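*Asks:* Just dropping this structure here.
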Amino acid sequence: MSTLDVKPATSRHHGPDAVVLRPPRLADAAGVHALVSACPPLDVNSPYAYMLVCTHFAATSIVAERDDAIVGFVSGYLEPECQTTLFIWQVGVAASARAVGLGRRLLDAVLARPACRDVRHLETTITPSNERSWKLFGSLARERGAAMERFMLFDANAFGDPRHEAELLARIGPFAGPHGGS
C-alpha cells in the first residue's frame, strides 16, 4: 500500500495538548529519527530506515503530531509469514507528551486501521529492564482480555555489544473481533 492509499488524520484532540494521530509520510522521517534519538533506551536506526517505515509501512505505523512537531511514533508491520500478527518495532513518545496515555492511543489507533482488520496477535520485543514498555503492552493485553506471553528471542550475545540487553518477545493475543478489538 502506498502512502497515497492511507487515510489522513485518524484522531484529533482539541485544547492546549491537541494531538493529531495520523499515518506517517516521507516528510516525517527526520522528525521520527530525532524523536527516537531522544527516547532512550530505543535503538536509533538510520534516517533511511525511518524513510522506509514512513512509506512502506505507513499503513501499520503512526505518528502523533502537536504544533507541527512529532511527539509520538509507532512503527509496525504485518509479519510476512503470518498476516494476522502485527509486529510493533518501536514506540516512542516525547518527554513532553508522556504520562497521558499517548503510547496506548497510538497502539489502539494502529490496531483500528483497515490494514490490521485481520490481526489476532501483536508481537514486540522488549529488553528485560524496560519497565515502561512492559507496563504499556501489559495494559494493552489486559484491556483487550488477551494473554501476554514472554519468550527469549535474541540473547544479549547476539548483538555483539556487551551493553545491549537481550530482547524478549512479548506475544499478545489472540484478540477477538474486527481490527484486533474485542
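Going through the C-alpha cells in order, the chains are called A, B, and so on, while each chain numbers its residues from 1 and the ligands are numbered from 1 in the order shown.
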Do you have, as a tab-separated table, the list of residues of segment 131-178 of chain A lying at most 12 Å from segment 37-49 of chain A, each with its nearest atom pair and that distance in Å to one decimal, counting only C-alpha atoms and ordered by chain then number?

*Replies:*
```
residue	atom	partner	partner_atom	distance
A:Glu131	CA	A:Pro41	CA	10.9
A:Arg132	CA	A:Pro41	CA	10.4
A:Ser133	CA	A:Pro41	CA	10.3
A:Phe159	CA	A:Asp43	CA	11.8
A:Arg163	CA	A:Pro41	CA	11.3
A:His164	CA	A:Asp43	CA	9.7
A:Glu165	CA	A:Pro41	CA	10.3
A:Glu167	CA	A:Asp43	CA	11.6
```

*Asks:* Which residues, written as a PyMOL selection string, have at least one atom at most 9 Å from Ala115 of chain A, with only C-alpha atoms counted and residues fewer than 5 positions away on the same chain left out?

*Replies:* chain A and resi 59-60+78+110+179

*Asks:* Let me see the file: selected residues, C-alpha atoms, as a CSV table (one decimal), in the first residue's frame.

*Replies:*
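Saved the output as part20.csv:
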```
chain,number,residue,atom,x,y,z
A,59,ALA,CA,-0.5,1.6,6.9
A,60,THR,CA,0.7,-0.1,10.1
A,78,LEU,CA,2.3,-7.3,9.4
A,110,VAL,CA,-2.8,1.3,14.7
A,179,HIS,CA,-9.4,-4.6,14.0
```

*Asks:* Any idea what's packed within 12 Å of Phe175 of chain A, counting only C-alpha atoms, ignoring anything in its chain fewer than 4 positions away? Could you give it as a VMD selection string?

*Replies:* chain A and resid 84 to 86 111 116 to 122 140 to 148 171 179 to 182

*Asks:* Write out as a PyMOL selection string the residues lying within 12 Å of segment 29-33 of chain A, counting only C-alpha atoms and excluding same-chain residues fewer than 3 positions away.

*Replies:* chain A and resi 23-26+36-39+42-56+58+61-65+68-75+90-94

*Asks:* Considering only helix (DSSP H, G or I) as DSSP defines it on the backbone, what residues of segment 81-142 of chain A qualify? List them as a PyMOL selection string.

*Replies:* chain A and resi 95-97+102-111+114-116+131-142

*Asks:* I need the chosen residues saved as an mmCIF file, in the first residue's frame, with C-alpha atoms.

*Replies:*
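To be explicit, this is the file written out as again-v9.cif:
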```cif
data_model
loop_
_atom_site.group_PDB
_atom_site.id
_atom_site.type_symbol
_atom_site.label_atom_id
_atom_site.label_comp_id
_atom_site.auth_asym_id
_atom_site.auth_seq_id
_atom_site.Cartn_x
_atom_site.Cartn_y
_atom_site.Cartn_z
ATOM 1 C CA ALA A 95 9.134 13.581 27.188
ATOM 2 C CA SER A 96 6.701 16.498 26.856
ATOM 3 C CA ALA A 97 3.879 14.114 25.859
ATOM 4 C CA LEU A 102 -0.364 8.661 24.255
ATOM 5 C CA GLY A 103 1.545 5.408 23.710
ATOM 6 C CA ARG A 104 -1.656 3.405 24.252
ATOM 7 C CA ARG A 105 -3.661 5.732 22.000
ATOM 8 C CA LEU A 106 -1.084 5.196 19.269
ATOM 9 C CA LEU A 107 -1.209 1.399 19.611
ATOM 10 C CA ASP A 108 -5.017 1.364 19.683
ATOM 11 C CA ALA A 109 -5.146 3.589 16.593
ATOM 12 C CA VAL A 110 -2.796 1.295 14.654
ATOM 13 C CA LEU A 111 -4.848 -1.769 15.633
ATOM 14 C CA PRO A 114 -8.056 -1.216 7.952
ATOM 15 C CA ALA A 115 -4.672 -2.871 7.316
ATOM 16 C CA CYS A 116 -4.980 -4.538 10.748
ATOM 17 C CA GLU A 131 9.605 -1.311 32.648
ATOM 18 C CA ARG A 132 7.724 1.396 30.755
ATOM 19 C CA SER A 133 7.260 -0.878 27.719
ATOM 20 C CA TRP A 134 6.268 -3.900 29.836
ATOM 21 C CA LYS A 135 3.631 -1.723 31.521
ATOM 22 C CA LEU A 136 2.375 -0.340 28.177
ATOM 23 C CA PHE A 137 1.984 -3.719 26.484
ATOM 24 C CA GLY A 138 0.660 -5.352 29.670
ATOM 25 C CA SER A 139 -2.125 -2.766 29.833
ATOM 26 C CA LEU A 140 -2.967 -3.403 26.176
ATOM 27 C CA ALA A 141 -3.245 -7.150 26.842
ATOM 28 C CA ARG A 142 -5.391 -6.652 29.963
#
```

*Asks:* Tell me which protein, DNA and RNA residues are within 12 Å of Leu153 of chain A, counting only C-alpha atoms, leaving out same-chain ones fewer than 2 positions away, and put them as a PyMOL selection string.

*Replies:* chain A and resi 123-128+150-151+155-159+165-171

*Asks:* Would you put the residues from that selection into a file with N, CA and C atoms, as an mmCIF file, in the first residue's frame?

*Replies:*
```cif
data_model
loop_
_atom_site.group_PDB
_atom_site.id
_atom_site.type_symbol
_atom_site.label_atom_id
_atom_site.label_comp_id
_atom_site.auth_asym_id
_atom_site.auth_seq_id
_atom_site.Cartn_x
_atom_site.Cartn_y
_atom_site.Cartn_z
ATOM 1 N N GLU A 123 2.939 -8.755 18.407
ATOM 2 C CA GLU A 123 4.240 -9.128 18.942
ATOM 3 C C GLU A 123 5.142 -7.907 18.968
ATOM 4 N N THR A 124 6.038 -7.911 19.918
ATOM 5 C CA THR A 124 7.059 -6.877 20.020
ATOM 6 C C THR A 124 8.225 -7.460 20.799
ATOM 7 N N THR A 125 9.369 -6.815 20.740
ATOM 8 C CA THR A 125 10.472 -7.222 21.597
ATOM 9 C C THR A 125 10.733 -6.116 22.601
ATOM 10 N N ILE A 126 11.084 -6.545 23.816
ATOM 11 C CA ILE A 126 11.322 -5.607 24.916
ATOM 12 C C ILE A 126 12.507 -6.129 25.721
ATOM 13 N N THR A 127 13.405 -5.237 26.095
ATOM 14 C CA THR A 127 14.508 -5.643 26.966
ATOM 15 C C THR A 127 13.954 -5.874 28.373
ATOM 16 N N PRO A 128 14.576 -6.756 29.136
ATOM 17 C CA PRO A 128 14.069 -7.058 30.479
ATOM 18 C C PRO A 128 13.933 -5.826 31.382
ATOM 19 N N ARG A 150 5.855 -14.283 27.267
ATOM 20 C CA ARG A 150 7.219 -13.792 27.058
ATOM 21 C C ARG A 150 8.113 -14.965 26.671
ATOM 22 N N PHE A 151 8.949 -14.733 25.668
ATOM 23 C CA PHE A 151 9.895 -15.739 25.205
ATOM 24 C C PHE A 151 11.230 -15.068 24.924
ATOM 25 N N ASP A 155 19.226 -13.389 22.412
ATOM 26 C CA ASP A 155 20.115 -13.378 23.558
ATOM 27 C C ASP A 155 21.037 -12.156 23.450
ATOM 28 N N ALA A 156 21.470 -11.622 24.578
ATOM 29 C CA ALA A 156 22.338 -10.441 24.582
ATOM 30 C C ALA A 156 23.594 -10.649 23.740
ATOM 31 N N ASN A 157 24.126 -11.853 23.701
ATOM 32 C CA ASN A 157 25.336 -12.124 22.920
ATOM 33 C C ASN A 157 25.120 -11.953 21.424
ATOM 34 N N ALA A 158 23.883 -12.064 20.958
ATOM 35 C CA ALA A 158 23.596 -11.956 19.528
ATOM 36 C C ALA A 158 23.891 -10.558 18.984
ATOM 37 N N PHE A 159 23.928 -9.558 19.850
ATOM 38 C CA PHE A 159 24.111 -8.181 19.397
ATOM 39 C C PHE A 159 25.566 -7.792 19.195
ATOM 40 N N GLU A 165 21.146 -5.383 26.039
ATOM 41 C CA GLU A 165 20.427 -6.441 26.747
ATOM 42 C C GLU A 165 19.791 -7.417 25.759
ATOM 43 N N ALA A 166 19.374 -8.552 26.282
ATOM 44 C CA ALA A 166 18.589 -9.496 25.489
ATOM 45 C C ALA A 166 17.283 -8.823 25.074
ATOM 46 N N GLU A 167 16.688 -9.319 24.023
ATOM 47 C CA GLU A 167 15.367 -8.850 23.589
ATOM 48 C C GLU A 167 14.398 -10.011 23.770
ATOM 49 N N LEU A 168 13.398 -9.800 24.628
ATOM 50 C CA LEU A 168 12.370 -10.805 24.856
ATOM 51 C C LEU A 168 11.205 -10.536 23.926
ATOM 52 N N LEU A 169 10.637 -11.594 23.378
ATOM 53 C CA LEU A 169 9.455 -11.459 22.538
ATOM 54 C C LEU A 169 8.237 -11.460 23.436
ATOM 55 N N ALA A 170 7.431 -10.417 23.336
ATOM 56 C CA ALA A 170 6.134 -10.362 24.014
ATOM 57 C C ALA A 170 5.086 -10.651 22.951
ATOM 58 N N ARG A 171 4.288 -11.680 23.186
ATOM 59 C CA ARG A 171 3.227 -12.065 22.237
ATOM 60 C C ARG A 171 1.897 -11.905 22.953
#
```

*Asks:* Can you measure atom CA of Asp28 of chain A to atom CA of Phe57 of chain A for me? One decimal in Å is fine.

*Replies:*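 One can read the atom CA of Asp28 of chain A to atom CA of Phe57 of chain A distance as 12.9 Å.
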
*Asks:* Mind pulling up the distance from atom CA of Phe87 of chain A to atom CA of Arg66 of chain A?

*Replies:*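 Going from atom CA of Arg66 of chain A over to atom CA of Phe87 of chain A covers 25.7 Å.
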
*Asks:* What is the atom CA of Tyr77 of chain A-atom CA of Trp89 of chain A distance in Å, reported with one decimal?

*Replies:*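 These two atoms are separated by 7.8 Å.
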